[in-house]
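Each remark here refers to the structure printed beneath this line.
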Amino acid sequence: MTVPVPRLRLPGLIPREPNLETYWVRPGGVTAIRLDAGDEVTVIDRAGRQRAELTVLGRHGVDGASLGLRPGGPATALRSLASAQAQPGAGRDAILSVLVAADVDPTATTATELFGDWSPAGARETFSATEPVQVLVGAPARPMRVDEDAANPPSELVLEVRRTTVRPPTGRELPPPLADPVLDMRIDAATARSYEVKAGQYIQVLDIEGRQCSDFLAFHRHRLDEGLERGLDSTTTRYFMGNAYPQPGLFGKFYDQDAQPLVEVVRDTVGRHDTFGLACNAKYYEDFGYPGHVNCTDNFNRRLDEYAIAARKGWPALNLFYNTAFDDSNLLVFDEPWSRPGDYVLMRAMTDLICASSACPDDVDPSNAWVPTDIHVRVYDAERKFSMAISHRVTPESEPKLTKETAFHPRTSKLTRQFTEYRGYWLPTSFDNHGPLDEYWACRERAAVMDLSPLRKFEVLGPDAEALLQACVTRNIRKLSQGQVVYSAVCNETGGMIDDCTVFRLADNNFRFVGGDEYDGDWLRQQAERLGLDRVWVKHSTDQLHNIAVQGPASRDLLRELIWTPATQPAFTDLTWFRFAVGRLGDHDGVPLIVSRTGYSGELGYELWVHPKDGPALWDAVWEAGQPHGLLPLGLDALDILRIESGLVFAGYDFCDQTDPFEAGIGFTVPLKTKEDDFVGREALLSRKASPQRTLVGLELAGNEPAEHGDCVHVGRSQVGVITSATRSPVLRKNIALCRIAVQYADIGTEVEVGKLDGHRKRIPARVVRFPFYDPDKTRPRS
């Protein structure tokens with residue numbers, strides 16, 4: 001018997017089946033696919049309760065019969081796309097052009113409807129084409145009301161196309177341009193091309209097939225005219241940006257050797273590039289045993305000769321998509337690129353430039369995954385505006401998502417330019433004319449407002465909702481009352497923490513799960529399937545629910561006159577710790593909102609949750625009401641000081657999936673004695689609690705030099721712990737840290753040393769102290 005050989009998993013590059021293609025339909029969006037006779041399309045409602053609309057275009061216009069569909073009603077998603085209120089963009093234009101080419105009026109298009117308000121998660125329907133057709137699949141969407149009883153946020157659809165004829169692995173279609181390009185050119189494999197770009201124009205470098213490097217050069221055009229060659233300088237750039245390579249955001253510029261910015265990185269859908277290596281050159285191949293091998297440096301020299309740019313033996317370049325890193329021994333190592341078909345980097349020219357781009361010819365190592373392919377370059381006019389963004393995938397199989405702005409960005413961006421990319425959103429790190437310390441003291445002494453919209457929200461709905469959450473989080477959800485919030489850990493089978501979260505109970509069968517990681521929703525759906533719970537829906541509602549936190553001793557007085565609640569809900573001033581109410585802003589006609597007495601500061605505080613369209617109105621009302629109370633905006637830097645003082649843990653620093661809740665300092669979220677029901681990780685946690693190895697403690701450090709995340713902690717020569725978070729405490733006037741330490745050294749008063757440099761050449765004395773450091777009995781948030 002032949003034993004099947006496991007296939008290499010390369011999501012996005014090698015399909016599960018040779019003839020399988022996967023597409024996504026975003027909520028409120030439309031996706032077009034072309035089918036040939038015999039091809040099949042399967043429409044999948046991943047999260048459930050999401051309608052789909054299918055419009056089929058054949059030789060004679062709308063022709064659902066070619067796919068075996070009955071005539072339908074209005075195509076609401078397509079008609080919304082064609083309305084004057086729709087956001088312009090290349091995707092919208094592409095869909096509308098398909099309809100125009102078929103001589104179909106977008107405003108009068110019809111569609112066959114699939115699924116419905118109660119379709120189960122994973123529902124699917126499959127159709128076969130009897131002739132060549134274009135299929136347009138829409139996912140109709142309407143805003144989720146914050147105060148509705150059975151919230152049903154719109155969700156994405158998945159399309160699986162199975163071809164009767166397997167398409168060749170090469171010759172992929174280019175993604176549509178981001179706008180009308182002023183330059184649109186292909187760079188054939190193993191070649192390079194030069195081109196000119198004006199100040200303000202945008203340069204898009206696309207990897208067509210995936211896993212293909214492209215070296216990029218840029219020279220200051222005016223300095224060349226003066227006889228001076230000034231091009232991208234990696235050392236200058238790394239020094240000023242503090243990164244191995246620039247990325248979108250504050251530290252996204254590339255400089256020349258005179259410290260003049262030449263380009264700014266606007267978008268990056270890959271996140272792994274190189275600025276340490278040279279463009280491949282003749283010597284590299286000769287030393288490897290391949291004399292005469294075509295190389296990027298010689299290709300560049302030929303292309304740049306017309307601009308009187310001197311030839312070089314090896315060009316320092318921005319090596320786009322080149323996957324390099326330094327290992328633990330500080331060796332520069334490389335592997336296959338992370339880039340997938342259609343991935344790109346978008347840059348803005350800071351001055352007039354002479355540019356050159358290559359499609360690297362390296363086929364003797366993994367640099368191009370062993371098979372060099374083409375690169376494509378597009379240049380867009382300076383009048384066009386593109387959002388600053390980094391791309392994220394929840395899982396390797398997921399559709400990439402670009403960084404977004406929160407509902408409060410129109411207000412916070414007027415107060416600061418200090419933004420960082422945080423979990424797919426732009427958030428302020430600090431505010432101009434204030435800074436972290438000023439913001440910190442406002443929260444400790446008066447009041448502060450912060451944007452926490454990137455928290456991931458999921459509506460968990462249906463008769464099996466309680467059973468699912470009871471099996472997935474460590475807290476006892478059966479004891480959670482309507483109107484109550486509980487903080488919990490979420491663990492895997494080994495007891496390692498997937499995330500921490502809060503769970504809101506809105507009704508008997510309605511819960512809201514709020515965590516930090518977008519993968520939480522996928523994991524909850526996986527557990528529902530594993531447990532056979534088919535009457536529960538997990539719907540991603542982050543885009544329907546943005547939130548600010550108002551924290552500080554004056555927060556209750558500040559909000560007292562702003563929050564109205566009906567008689568069926570608790571009065572705002574009666575809300576106790578970890579309770580919430582559904583209400584409105586101002587009075588019974590105001591913006592609907594949810595107010596919860598929760599926070600991440602260690603102070604009395606509240607969180608206010610609204611639909612994104614109401615975000616500016618909420619911010620304005622809070623801001624105006626806060627002025628008599630000395631309200632300030634608060635960024636991530638100040639928030640970090642507050643939460644460390646208060647002993648509040650942070651994912652990626654104080655815990656990960658190799659850390660159990662006891663080791664993360666939140667063992668109180670695991671009621672092993674009182675929660676009788678089984679939950680994921682219970683058996684492992686019973687064992688871990690019985691035989692603990694590490695625990696989280698507080699440290700006070702001598703002197704004023706702070707510890708940093710990852711610093712080693714020693715007793716003598718042996719390492720006994722690691723710093724997870726650290727800060728200088730303004731209110732305590734002490735140098736403090738959270739440390740995961742061996743239980744043998746966890747007793748209060750134990751003397752340890754924090755290792756700096758290599759851990760031995762410099763040591764900071766420290767001792768184990770009680771934590772939380774600030775208000776350890778939580779009297780302030782309970783007040």
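We name chains A, B, ... following the order of the structure tokens; residues begin at 1 in each chain, and ligands are numbered from 1 as shown.
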
Give me the residues near stretch 236-248 of chain A as a list in words, where near means some atom within 8 Å (using only C-alpha atoms) and where sequence neighbours in that chain fewer than 6 positions away do not count.
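With the cut-off at 8 Å, the set is Phe254, Tyr255, Asp256, Gln257, Ala259, Glu264, Val265, Val266, Arg267, Asp268, Gly271, His273, Asp274, Thr275, Met388, Ala389 and Ile390 of chain A.
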
Just the alpha helix (DSSP H) stuff from stretch 59-138 of chain A, please, per backbone DSSP, written as a ChimeraX atom specification.
/A:76-82,90-101

Please identify all polymer residues within 12 Å of A:Arg475, counting only C-alpha atoms, omitting same-chain residues fewer than 5 positions from it, and present them as a ChimeraX atom specification.
/A:466,469-470,480,485-491,500-503,661,666-680,682

For the selection just defined, write its residues with C-alpha atoms to a file, as a PDB file, in the first residue's frame.
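Once written, out.pdb looks like this:
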```pdb
ATOM      1  CA  GLU A 466     -23.429  30.230  27.345  1.00  0.00           C
ATOM      2  CA  LEU A 469     -18.166  30.436  26.599  1.00  0.00           C
ATOM      3  CA  GLN A 470     -18.349  28.151  29.642  1.00  0.00           C
ATOM      4  CA  LEU A 480     -22.519  35.820  35.130  1.00  0.00           C
ATOM      5  CA  VAL A 485     -18.810  41.936  33.094  1.00  0.00           C
ATOM      6  CA  VAL A 486     -16.170  39.399  34.068  1.00  0.00           C
ATOM      7  CA  TYR A 487     -12.428  39.335  33.374  1.00  0.00           C
ATOM      8  CA  SER A 488     -11.094  35.936  32.322  1.00  0.00           C
ATOM      9  CA  ALA A 489      -8.215  34.017  30.832  1.00  0.00           C
ATOM     10  CA  VAL A 490      -8.567  31.999  27.612  1.00  0.00           C
ATOM     11  CA  CYS A 491      -6.326  28.919  27.501  1.00  0.00           C
ATOM     12  CA  ASP A 500      -7.210  37.492  28.295  1.00  0.00           C
ATOM     13  CA  CYS A 501     -10.678  38.952  27.845  1.00  0.00           C
ATOM     14  CA  THR A 502     -13.762  40.488  29.347  1.00  0.00           C
ATOM     15  CA  VAL A 503     -17.191  38.927  28.784  1.00  0.00           C
ATOM     16  CA  PRO A 661      -2.651  32.182  34.158  1.00  0.00           C
ATOM     17  CA  ILE A 666      -3.958  36.193  37.100  1.00  0.00           C
ATOM     18  CA  GLY A 667      -4.558  32.866  38.815  1.00  0.00           C
ATOM     19  CA  PHE A 668      -7.695  34.419  40.345  1.00  0.00           C
ATOM     20  CA  THR A 669      -9.382  33.962  36.924  1.00  0.00           C
ATOM     21  CA  VAL A 670      -9.161  30.148  37.256  1.00  0.00           C
ATOM     22  CA  PRO A 671     -11.752  28.941  39.828  1.00  0.00           C
ATOM     23  CA  LEU A 672     -10.822  25.269  39.636  1.00  0.00           C
ATOM     24  CA  LYS A 673     -12.683  24.400  42.859  1.00  0.00           C
ATOM     25  CA  THR A 674     -15.961  26.219  42.171  1.00  0.00           C
ATOM     26  CA  LYS A 675     -16.272  25.800  38.402  1.00  0.00           C
ATOM     27  CA  GLU A 676     -17.301  22.191  37.989  1.00  0.00           C
ATOM     28  CA  ASP A 677     -17.828  22.275  34.230  1.00  0.00           C
ATOM     29  CA  ASP A 678     -14.964  21.276  31.979  1.00  0.00           C
ATOM     30  CA  PHE A 679     -13.216  23.938  29.915  1.00  0.00           C
ATOM     31  CA  VAL A 680     -10.291  23.986  27.512  1.00  0.00           C
ATOM     32  CA  ARG A 682      -8.674  22.514  32.771  1.00  0.00           C
TER      33      ARG A 682
END
```

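Our summary of the geometry notes that atom CA of A:Ala407 is positioned 19.7 Å from atom CA of A:Val582.
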
Could you pull out all residues of stretch 46-235 of chain A with a DSSP call of strand (DSSP E) and give them as an NGL selection string?
:A and (52-58 or 61-62 or 73-74 or 110-114 or 123-128 or 133-138 or 157-162 or 181-187 or 192-197 or 202-207 or 214-220)

Neighbouring residues of stretch 640-644 of chain A were defined as those with any atom within 9 Å, considering only C-alpha atoms; residues of the same chain fewer than 4 positions away were excluded. Please report them as a list in words.
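Result of the neighbour search: Pro436, Tyr440, Cys443, Arg444, Tyr600, Ser601, Gly602, Glu603, Gly635, Leu636, Leu648, Val649, Phe650, Ser725, Ala726, Thr727, Arg728, Ser729, Pro730, Ile736, Ala737, Leu738, Pro772, Phe773 and Tyr774 of chain A.
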
Within 7 Å of A:Ala190, counting only C-alpha atoms, which residues qualify if same-chain residues fewer than 2 places away don't, as a PyMOL selection string?
chain A and resi 188+359-361+372

Give me the residues within 12 Å of A:Leu174 as number ranges by chain, counting only C-alpha atoms and dropping any in the same chain fewer than 6 places off.
A: 184-186, 205-210, 341-344, 374-378

Limited to N, CA, C and O atoms, could you put the picked residues into a file as an mmCIF file, in the first residue's frame?
```cif
data_model
loop_
_atom_site.group_PDB
_atom_site.id
_atom_site.type_symbol
_atom_site.label_atom_id
_atom_site.label_comp_id
_atom_site.auth_asym_id
_atom_site.auth_seq_id
_atom_site.Cartn_x
_atom_site.Cartn_y
_atom_site.Cartn_z
ATOM 1 N N ASP A 184 3.241 52.334 -15.649
ATOM 2 C CA ASP A 184 2.773 50.970 -15.381
ATOM 3 C C ASP A 184 3.677 50.029 -16.158
ATOM 4 O O ASP A 184 3.521 49.865 -17.367
ATOM 5 N N MET A 185 4.676 49.422 -15.499
ATOM 6 C CA MET A 185 5.668 48.655 -16.262
ATOM 7 C C MET A 185 6.023 47.342 -15.578
ATOM 8 O O MET A 185 6.040 47.230 -14.357
ATOM 9 N N ARG A 186 6.300 46.361 -16.399
ATOM 10 C CA ARG A 186 6.720 45.043 -15.951
ATOM 11 C C ARG A 186 8.242 44.974 -15.987
ATOM 12 O O ARG A 186 8.885 45.447 -16.937
ATOM 13 N N VAL A 205 5.760 48.893 -5.744
ATOM 14 C CA VAL A 205 6.531 47.748 -6.231
ATOM 15 C C VAL A 205 5.774 46.485 -5.850
ATOM 16 O O VAL A 205 5.579 46.208 -4.655
ATOM 17 N N LEU A 206 5.322 45.726 -6.853
ATOM 18 C CA LEU A 206 4.485 44.549 -6.626
ATOM 19 C C LEU A 206 5.240 43.261 -6.930
ATOM 20 O O LEU A 206 5.947 43.158 -7.941
ATOM 21 N N ASP A 207 5.056 42.295 -6.060
ATOM 22 C CA ASP A 207 5.547 40.942 -6.291
ATOM 23 C C ASP A 207 4.411 40.154 -6.941
ATOM 24 O O ASP A 207 3.407 39.841 -6.306
ATOM 25 N N ILE A 208 4.553 39.833 -8.205
ATOM 26 C CA ILE A 208 3.442 39.254 -8.973
ATOM 27 C C ILE A 208 3.156 37.815 -8.553
ATOM 28 O O ILE A 208 2.012 37.445 -8.282
ATOM 29 N N GLU A 209 4.180 36.997 -8.514
ATOM 30 C CA GLU A 209 3.991 35.565 -8.237
ATOM 31 C C GLU A 209 4.187 35.213 -6.768
ATOM 32 O O GLU A 209 3.815 34.125 -6.339
ATOM 33 N N GLY A 210 4.787 36.129 -5.998
ATOM 34 C CA GLY A 210 5.106 35.829 -4.606
ATOM 35 C C GLY A 210 6.521 35.299 -4.459
ATOM 36 O O GLY A 210 7.079 34.681 -5.361
ATOM 37 N N PRO A 341 1.615 36.385 -3.803
ATOM 38 C CA PRO A 341 1.204 37.025 -5.057
ATOM 39 C C PRO A 341 0.386 38.287 -4.807
ATOM 40 O O PRO A 341 -0.594 38.264 -4.070
ATOM 41 N N GLY A 342 0.811 39.384 -5.414
ATOM 42 C CA GLY A 342 0.090 40.638 -5.279
ATOM 43 C C GLY A 342 0.530 41.507 -4.124
ATOM 44 O O GLY A 342 0.069 42.643 -3.983
ATOM 45 N N ASP A 343 1.418 41.020 -3.267
ATOM 46 C CA ASP A 343 1.925 41.852 -2.178
ATOM 47 C C ASP A 343 2.720 43.021 -2.745
ATOM 48 O O ASP A 343 3.305 42.929 -3.834
ATOM 49 N N TYR A 344 2.781 44.111 -1.971
ATOM 50 C CA TYR A 344 3.458 45.292 -2.501
ATOM 51 C C TYR A 344 3.974 46.191 -1.384
ATOM 52 O O TYR A 344 3.580 46.079 -0.215
ATOM 53 N N ASP A 374 8.796 37.667 -12.189
ATOM 54 C CA ASP A 374 8.712 39.082 -12.562
ATOM 55 C C ASP A 374 8.338 39.964 -11.368
ATOM 56 O O ASP A 374 7.779 39.503 -10.370
ATOM 57 N N ILE A 375 8.630 41.246 -11.540
ATOM 58 C CA ILE A 375 8.211 42.304 -10.615
ATOM 59 C C ILE A 375 7.439 43.334 -11.439
ATOM 60 O O ILE A 375 7.680 43.493 -12.638
ATOM 61 N N HIS A 376 6.508 44.042 -10.806
ATOM 62 C CA HIS A 376 5.768 45.080 -11.510
ATOM 63 C C HIS A 376 5.868 46.389 -10.723
ATOM 64 O O HIS A 376 5.831 46.386 -9.487
ATOM 65 N N VAL A 377 6.020 47.488 -11.448
ATOM 66 C CA VAL A 377 6.137 48.814 -10.831
ATOM 67 C C VAL A 377 5.049 49.721 -11.394
ATOM 68 O O VAL A 377 4.837 49.778 -12.610
ATOM 69 N N ARG A 378 4.375 50.407 -10.479
ATOM 70 C CA ARG A 378 3.403 51.424 -10.875
ATOM 71 C C ARG A 378 3.739 52.726 -10.152
ATOM 72 O O ARG A 378 4.141 52.710 -8.981
#
```

A:Leu232, A:Val56, A:Phe655, A:Leu757 ranked by distance to A:Thr724, top pick (using only C-alpha atoms):
A:Phe655

Point-to-point distance from atom CA of A:Asp589 to atom CA of A:Leu631, Å rounded to tenths:
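Going from atom CA of A:Asp589 over to atom CA of A:Leu631 covers 25.9 Å.
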
Ranking A:Arg525, A:Thr112, A:Glu397, A:Val104 by minimum distance to A:Thr22 and counting only C-alpha atoms, which one comes first?
A:Glu397
